[in-house]
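Asks: Mind looking over this structure? Questions follow.
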2 protein chains.
Amino acid sequence: MPVTKGTTIDPVRTRAAILQAATALLYQRGLDGIGVAELCARIGVSKETLYRHFGTKDGLVATMLETRSQRVSDWLAAAVAAAGDNPADQLAAIFDALQQWHDEPTFRGCAVVNAATQHHDQTVRAITARHLDRYLDLLSDIATRAGAAAPAALAHQLLILVEGATVVAAHHRTAGTADQARDAALTLLAAATAAPHDS
Amino acid sequence: MPVTKGTTIDPVRTRAAILQAATALLYQRGLDGIGVAELCARIGVSKETLYRHFGTKDGLVATMLETRSQRVSDWLAAAVAAAGDNPADQLAAIFDALQQWHDEPTFRGCAVVNAATQHHDQTVRAITARHLDRYLDLLSDIATRAGAAAPAALAHQLLILVEGATVVAAHHRTAGTADQARDAALTLLAAATAAPHDS
DNA sequence: AAGAGATCGAACCGCTCGGTTCGATCTGCG
DNA sequence: CGCAGATCGAACCGAGCGGTTCGATCTCTT
């Protein structure tokens, strides 16, 4: 029996549904932790359909990572936009958003970074590097508008805090990691914007 | 033909040799990136020997992670010990050591954290949590001796910097990440030990 | 009404996986 | 010397992998 009765045949919708369900499963179980057969069974789709839409498992992974990266970046950018004009407030908003994310019971670290850790092939590494670039852009903007003496250096340090907080939150039982990172970020911001004691 | 001629039969030495060679291979290729057959072939040992010493592949992985965690922690502790008595110097020494590590061509992130990202089973997660505890102990000691107002909080922030620098160095092309983290760490240390502006 | 195309479910492919077993052969100890 | 045990190499196992194919059946468009 094909095309389970009642279901609308819409390739675009099918593709999106596969992507959404596969994203969650691959995140929870790891890229190598679930096979295509089980993946399809859980999603409720046949292997032929999945392969027609994404070509290979790696193709599915690449598409999902790119989509996820974009979504997460947009989500953080939205948090910044909602925090008003003060760079310090915007920075705090990023770490507050991170803390919310880390507190979700399904949290397992950043899916994009995790993927690069599991499959260090060219494709995934490139997506991950771009992902970090997106974060860096966001943080650079804040650092620049805050009037930091060395905005690029500050942004880099803030990126380290963002990724470090995510890793520690994923692998250490201590709660409130992102809150600690927020305090550190605000301290660094204050230090970088303080009157430079030039000679 | 067994026991390749000329080789000394010494179970202890054999076990150590397997552990050392497997550590490098599993780190470079990932836990799921190399099978037991190829592992044995590259190490130069038969499957029976490997299984007699470690029981299962997971047993080998657990043993190797525990060993690696201890070695890396000792290495960082030694870097601290060699840096004199000044807490700030000791902190700088940690990040200098990290930078050296990150610059190695085979660097792929922290093997222990990577393992937890790949196999999030109970055993590996426990080893990783202990690993972060070791780091935290080292950093707590420095924070306390530096006279920080809240040494536990500072130590946690420093841990975030250590792990963040490692992750960013592993996945982003920018060089000198640990140096940036060192500057941030020193800034945080200075801020935490500055005369508190209490009322 | 009819054809195009999406989807299903299941069978199938070759391959690799982790793990076991066995006989041959070597070393080290008493 | 002679035995215990460490090791080898290779064959073997069942299971699962990623991926392909096929006929049946459904929906959608014209």
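In the structure tokens, chains take the letters A, B, ... in the order shown, each chain's residues start at 1, and ligands count up from 1 in the order shown.
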Would you pick out the contacts of D:DG5 at 12 Å or less, using only C-alpha atoms (C1' of nucleotides), so that residues sharing its chain but fewer than 6 positions from it are not included, and give the list as a PDB file with C-alpha atoms (C1' of nucleotides), in the first residue's frame?
Replies:
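Okay, this is what ended up in result.pdb:
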ATOM      1  CA  VAL B   3      53.768 -14.216  18.215  1.00  0.00           C
ATOM      2  CA  ILE B   9      55.871 -11.736  25.146  1.00  0.00           C
ATOM      3  CA  ASP B  10      54.872  -9.341  27.891  1.00  0.00           C
ATOM      4  CA  PRO B  11      51.141  -8.803  28.483  1.00  0.00           C
TER       5      PRO B  11
ATOM      6  C1'  DC C  26      56.187 -18.548  19.729  1.00  0.00           C
ATOM      7  C1'  DT C  27      58.289 -16.970  24.632  1.00  0.00           C
ATOM      8  C1'  DG C  28      59.156 -17.354  29.420  1.00  0.00           C
ATOM      9  C1'  DC C  29      59.418 -19.946  33.706  1.00  0.00           C
TER      10       DC C  29
END
Asks: Could you name the residues that touch A:Arg15 at 9 Å or less, counting only C-alpha atoms (C1' of nucleotides), but leaving out those on the same chain fewer than 5 positions away, as a list in words?
Replies: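 Result of the neighbour search: Asp10, Gln20, Thr49, Leu50, His53 and Phe54 of chain A.
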Asks: Working over all C-alpha atoms in order, superimpose chain A onto chain B by least squares and state the RMSD in Å.
Replies: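 The C-alpha RMSD comes to 0.1 Å.
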Asks: As number ranges by chain, which residues of stretch 32-136 of chain A does DSSP assign to helix (DSSP H, G or I)?
Replies: A: 36-43, 47-54, 57-81, 87-103, 111-118, 122-136
Asks: Pull the closest atom pair for each residue of chain C that gets at most 12 Å from chain B, along with the distance in Å to one decimal, counting only C-alpha atoms (C1' of nucleotides), ordering rows by chain and then ascending residue number, as CSV.
Replies:
residue,atom,partner,partner_atom,distance
C:DT16,C1',B:Gly35,CA,8.5
C:DC17,C1',B:Gly35,CA,7.0
C:DG18,C1',B:Val36,CA,7.2
C:DG19,C1',B:Thr56,CA,8.0
C:DT20,C1',B:Glu48,CA,8.7
C:DT21,C1',B:Glu48,CA,9.5
C:DC22,C1',B:Glu48,CA,11.2
C:DG23,C1',B:Met1,CA,10.2
C:DA24,C1',B:Met1,CA,6.3
C:DT25,C1',B:Pro2,CA,5.0
C:DC26,C1',B:Val3,CA,5.2
C:DT27,C1',B:Ile9,CA,5.8
C:DG28,C1',B:Ile9,CA,7.8
Asks: Go ahead and write the residues just picked, N, CA and C atoms (P, O5', C5', C4', C3', O3' and C1' of nucleotides), as a PDB file, in the first residue's frame.
Replies:
ATOM      1  P    DT C  16      33.925  -3.144   2.680  1.00  0.00           P
ATOM      2  O5'  DT C  16      33.682  -2.889   4.236  1.00  0.00           O
ATOM      3  C5'  DT C  16      32.842  -1.816   4.648  1.00  0.00           C
ATOM      4  C4'  DT C  16      32.301  -2.088   6.027  1.00  0.00           C
ATOM      5  C3'  DT C  16      33.347  -2.559   7.042  1.00  0.00           C
ATOM      6  O3'  DT C  16      33.535  -1.541   8.015  1.00  0.00           O
ATOM      7  C1'  DT C  16      31.298  -3.782   7.214  1.00  0.00           C
ATOM      8  P    DC C  17      34.528  -1.715   9.209  1.00  0.00           P
ATOM      9  O5'  DC C  17      33.585  -2.017  10.452  1.00  0.00           O
ATOM     10  C5'  DC C  17      32.377  -1.255  10.620  1.00  0.00           C
ATOM     11  C4'  DC C  17      31.478  -1.966  11.612  1.00  0.00           C
ATOM     12  C3'  DC C  17      32.228  -2.610  12.761  1.00  0.00           C
ATOM     13  O3'  DC C  17      32.334  -1.671  13.816  1.00  0.00           O
ATOM     14  C1'  DC C  17      30.546  -4.086  11.888  1.00  0.00           C
ATOM     15  P    DG C  18      33.456  -1.851  14.898  1.00  0.00           P
ATOM     16  O5'  DG C  18      32.850  -2.924  15.894  1.00  0.00           O
ATOM     17  C5'  DG C  18      31.631  -2.639  16.562  1.00  0.00           C
ATOM     18  C4'  DG C  18      31.162  -3.870  17.315  1.00  0.00           C
ATOM     19  C3'  DG C  18      32.150  -4.405  18.349  1.00  0.00           C
ATOM     20  O3'  DG C  18      31.419  -4.882  19.471  1.00  0.00           O
ATOM     21  C1'  DG C  18      31.741  -6.068  16.733  1.00  0.00           C
ATOM     22  P    DG C  19      32.210  -5.372  20.796  1.00  0.00           P
ATOM     23  O5'  DG C  19      32.334  -6.943  20.535  1.00  0.00           O
ATOM     24  C5'  DG C  19      31.148  -7.704  20.334  1.00  0.00           C
ATOM     25  C4'  DG C  19      31.496  -9.123  19.946  1.00  0.00           C
ATOM     26  C3'  DG C  19      32.586  -9.807  20.791  1.00  0.00           C
ATOM     27  O3'  DG C  19      31.992 -10.876  21.511  1.00  0.00           O
ATOM     28  C1'  DG C  19      32.814 -10.275  18.473  1.00  0.00           C
ATOM     29  P    DT C  20      32.847 -11.893  22.398  1.00  0.00           P
ATOM     30  O5'  DT C  20      33.037 -13.142  21.416  1.00  0.00           O
ATOM     31  C5'  DT C  20      31.899 -13.687  20.758  1.00  0.00           C
ATOM     32  C4'  DT C  20      32.286 -14.971  20.061  1.00  0.00           C
ATOM     33  C3'  DT C  20      33.190 -15.906  20.877  1.00  0.00           C
ATOM     34  O3'  DT C  20      32.625 -17.206  20.848  1.00  0.00           O
ATOM     35  C1'  DT C  20      34.133 -15.508  18.724  1.00  0.00           C
ATOM     36  P    DT C  21      33.256 -18.386  21.759  1.00  0.00           P
ATOM     37  O5'  DT C  21      34.110 -19.212  20.690  1.00  0.00           O
ATOM     38  C5'  DT C  21      33.560 -19.480  19.406  1.00  0.00           C
ATOM     39  C4'  DT C  21      34.613 -20.110  18.515  1.00  0.00           C
ATOM     40  C3'  DT C  21      35.590 -21.037  19.241  1.00  0.00           C
ATOM     41  O3'  DT C  21      35.521 -22.329  18.658  1.00  0.00           O
ATOM     42  C1'  DT C  21      36.728 -19.525  17.788  1.00  0.00           C
ATOM     43  P    DC C  22      36.286 -23.563  19.371  1.00  0.00           P
ATOM     44  O5'  DC C  22      37.506 -23.741  18.366  1.00  0.00           O
ATOM     45  C5'  DC C  22      37.325 -23.428  16.974  1.00  0.00           C
ATOM     46  C4'  DC C  22      38.630 -23.704  16.242  1.00  0.00           C
ATOM     47  C3'  DC C  22      39.615 -24.552  17.050  1.00  0.00           C
ATOM     48  O3'  DC C  22      40.271 -25.468  16.197  1.00  0.00           O
ATOM     49  C1'  DC C  22      40.607 -22.473  16.501  1.00  0.00           C
ATOM     50  P    DG C  23      40.897 -26.801  16.860  1.00  0.00           P
ATOM     51  O5'  DG C  23      42.314 -26.848  16.121  1.00  0.00           O
ATOM     52  C5'  DG C  23      42.369 -26.720  14.702  1.00  0.00           C
ATOM     53  C4'  DG C  23      43.650 -26.035  14.291  1.00  0.00           C
ATOM     54  C3'  DG C  23      44.920 -26.714  14.818  1.00  0.00           C
ATOM     55  O3'  DG C  23      45.889 -26.745  13.784  1.00  0.00           O
ATOM     56  C1'  DG C  23      44.897 -24.447  15.469  1.00  0.00           C
ATOM     57  P    DA C  24      47.224 -27.557  13.963  1.00  0.00           P
ATOM     58  O5'  DA C  24      48.279 -26.364  13.882  1.00  0.00           O
ATOM     59  C5'  DA C  24      48.211 -25.466  12.790  1.00  0.00           C
ATOM     60  C4'  DA C  24      49.185 -24.320  13.006  1.00  0.00           C
ATOM     61  C3'  DA C  24      50.566 -24.755  13.495  1.00  0.00           C
ATOM     62  O3'  DA C  24      51.557 -24.040  12.775  1.00  0.00           O
ATOM     63  C1'  DA C  24      49.644 -23.167  14.997  1.00  0.00           C
ATOM     64  P    DT C  25      53.057 -24.466  12.866  1.00  0.00           P
ATOM     65  O5'  DT C  25      53.618 -23.355  13.846  1.00  0.00           O
ATOM     66  C5'  DT C  25      53.339 -21.979  13.576  1.00  0.00           C
ATOM     67  C4'  DT C  25      53.743 -21.124  14.751  1.00  0.00           C
ATOM     68  C3'  DT C  25      55.122 -21.483  15.341  1.00  0.00           C
ATOM     69  O3'  DT C  25      55.901 -20.311  15.349  1.00  0.00           O
ATOM     70  C1'  DT C  25      53.513 -21.156  17.033  1.00  0.00           C
ATOM     71  P    DC C  26      57.499 -20.437  15.110  1.00  0.00           P
ATOM     72  O5'  DC C  26      58.053 -19.745  16.450  1.00  0.00           O
ATOM     73  C5'  DC C  26      57.968 -18.337  16.562  1.00  0.00           C
ATOM     74  C4'  DC C  26      57.466 -17.937  17.929  1.00  0.00           C
ATOM     75  C3'  DC C  26      58.463 -18.059  19.074  1.00  0.00           C
ATOM     76  O3'  DC C  26      59.289 -16.907  19.128  1.00  0.00           O
ATOM     77  C1'  DC C  26      56.187 -18.548  19.729  1.00  0.00           C
ATOM     78  P    DT C  27      60.586 -16.920  20.063  1.00  0.00           P
ATOM     79  O5'  DT C  27      59.950 -16.569  21.478  1.00  0.00           O
ATOM     80  C5'  DT C  27      59.209 -15.371  21.647  1.00  0.00           C
ATOM     81  C4'  DT C  27      58.751 -15.261  23.099  1.00  0.00           C
ATOM     82  C3'  DT C  27      59.891 -15.283  24.116  1.00  0.00           C
ATOM     83  O3'  DT C  27      59.681 -14.224  25.045  1.00  0.00           O
ATOM     84  C1'  DT C  27      58.289 -16.970  24.632  1.00  0.00           C
ATOM     85  P    DG C  28      60.825 -13.807  26.061  1.00  0.00           P
ATOM     86  O5'  DG C  28      60.327 -14.538  27.385  1.00  0.00           O
ATOM     87  C5'  DG C  28      59.061 -14.181  27.930  1.00  0.00           C
ATOM     88  C4'  DG C  28      58.737 -15.071  29.113  1.00  0.00           C
ATOM     89  C3'  DG C  28      59.874 -15.201  30.130  1.00  0.00           C
ATOM     90  O3'  DG C  28      59.342 -14.984  31.433  1.00  0.00           O
ATOM     91  C1'  DG C  28      59.156 -17.354  29.420  1.00  0.00           C
TER      92       DG C  28
END
Asks: Determine which residues of chain D sit within 9 Å of chain B, taking into account only C-alpha atoms (C1' of nucleotides), and present them as a ChimeraX atom specification.
Replies: /D:6-9
Asks: When you look at A:Leu188 with a cut-off of 9 Å (counting only C-alpha atoms (C1' of nucleotides)), what residues show up, excluding the ones that are within fewer than 6 positions of it in the same chain? I need them as a list of chain:residue names.
Replies: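 Once the adjacent positions are removed, what remains is A:Leu154, A:Gln157, A:Leu158, B:Ala184, B:Thr187, B:Leu188.
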Asks: Do a neighbour search on D:DT21 at 10 Å with only C-alpha atoms (C1' of nucleotides), toss out local chain neighbours closer than 5 positions, and write the hits as a VMD selection string.
Replies: (chain A and resid 48) or (chain C and resid 11 to 13)
Asks: The selected residues should be written to file as a compact mmCIF listing (two decimals), in the first residue's frame (atoms: C-alpha atoms (C1' of nucleotides)).
Replies:
# COMPACT_ATOMS: atom_id res chain seq x y z
CA GLU A 48 12.77 5.64 -1.40
C1' DA C 11 12.73 -7.48 -0.85
C1' DC C 12 17.29 -7.31 -2.12
C1' DC C 13 22.42 -5.98 -2.65
Asks: Kindly provide the residues of chain B that approach chain A to within 6 Å, each paired with its closest atom pair and their distance in Å to one decimal, based on only C-alpha atoms, listed by chain and increasing number, as CSV.
Replies:
residue,atom,partner,partner_atom,distance
B:Gln118,CA,A:Gln118,CA,5.9
B:Ala129,CA,A:His172,CA,5.3
B:Ile160,CA,A:Gly164,CA,4.5
B:Leu161,CA,A:Leu161,CA,5.9
B:Glu163,CA,A:Gly164,CA,5.0
B:Gly164,CA,A:Gly164,CA,3.3
B:Ala165,CA,A:Ile160,CA,5.4
B:His172,CA,A:Ala129,CA,5.3
Asks: Just C-alpha atoms for this one: save the residues we selected as a PDB file, in the first residue's frame.
Replies:
ATOM      1  CA  GLN B 118      29.961  10.832  19.894  1.00  0.00           C
ATOM      2  CA  ALA B 129      32.271  14.938  33.834  1.00  0.00           C
ATOM      3  CA  ILE B 160      34.248  27.980  30.083  1.00  0.00           C
ATOM      4  CA  LEU B 161      37.177  29.840  28.537  1.00  0.00           C
ATOM      5  CA  GLU B 163      36.697  24.554  26.818  1.00  0.00           C
ATOM      6  CA  GLY B 164      35.481  27.343  24.570  1.00  0.00           C
ATOM      7  CA  ALA B 165      38.979  28.014  23.288  1.00  0.00           C
ATOM      8  CA  HIS B 172      37.302  27.696  13.291  1.00  0.00           C
TER       9      HIS B 172
END
Asks: Please provide as a count of residues only all residues within 9 Å of stretch 148-152 of chain A, with the sequence filter that same-chain residues fewer than 2 positions apart are discarded (counting only C-alpha atoms (C1' of nucleotides)).
Replies: 21
Asks: Within 12 Å of A:Ala79, counting only C-alpha atoms (C1' of nucleotides), which residues show up once you throw out same-chain ones fewer than 6 positions away? Write them as a count of residues only, please.
Replies: 15
Asks: Quick one: distance from atom CA of A:Leu26 to atom CA of B:Leu39 in Å, one decimal?
Replies: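 Going from atom CA of A:Leu26 over to atom CA of B:Leu39 covers 26.2 Å.
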Asks: One number please: atom C1' of D:DG16 to atom CA of A:Thr106, in Å, one decimal.
Replies: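 So the two atoms, atom C1' of D:DG16 and atom CA of A:Thr106, lie 26.6 Å apart.
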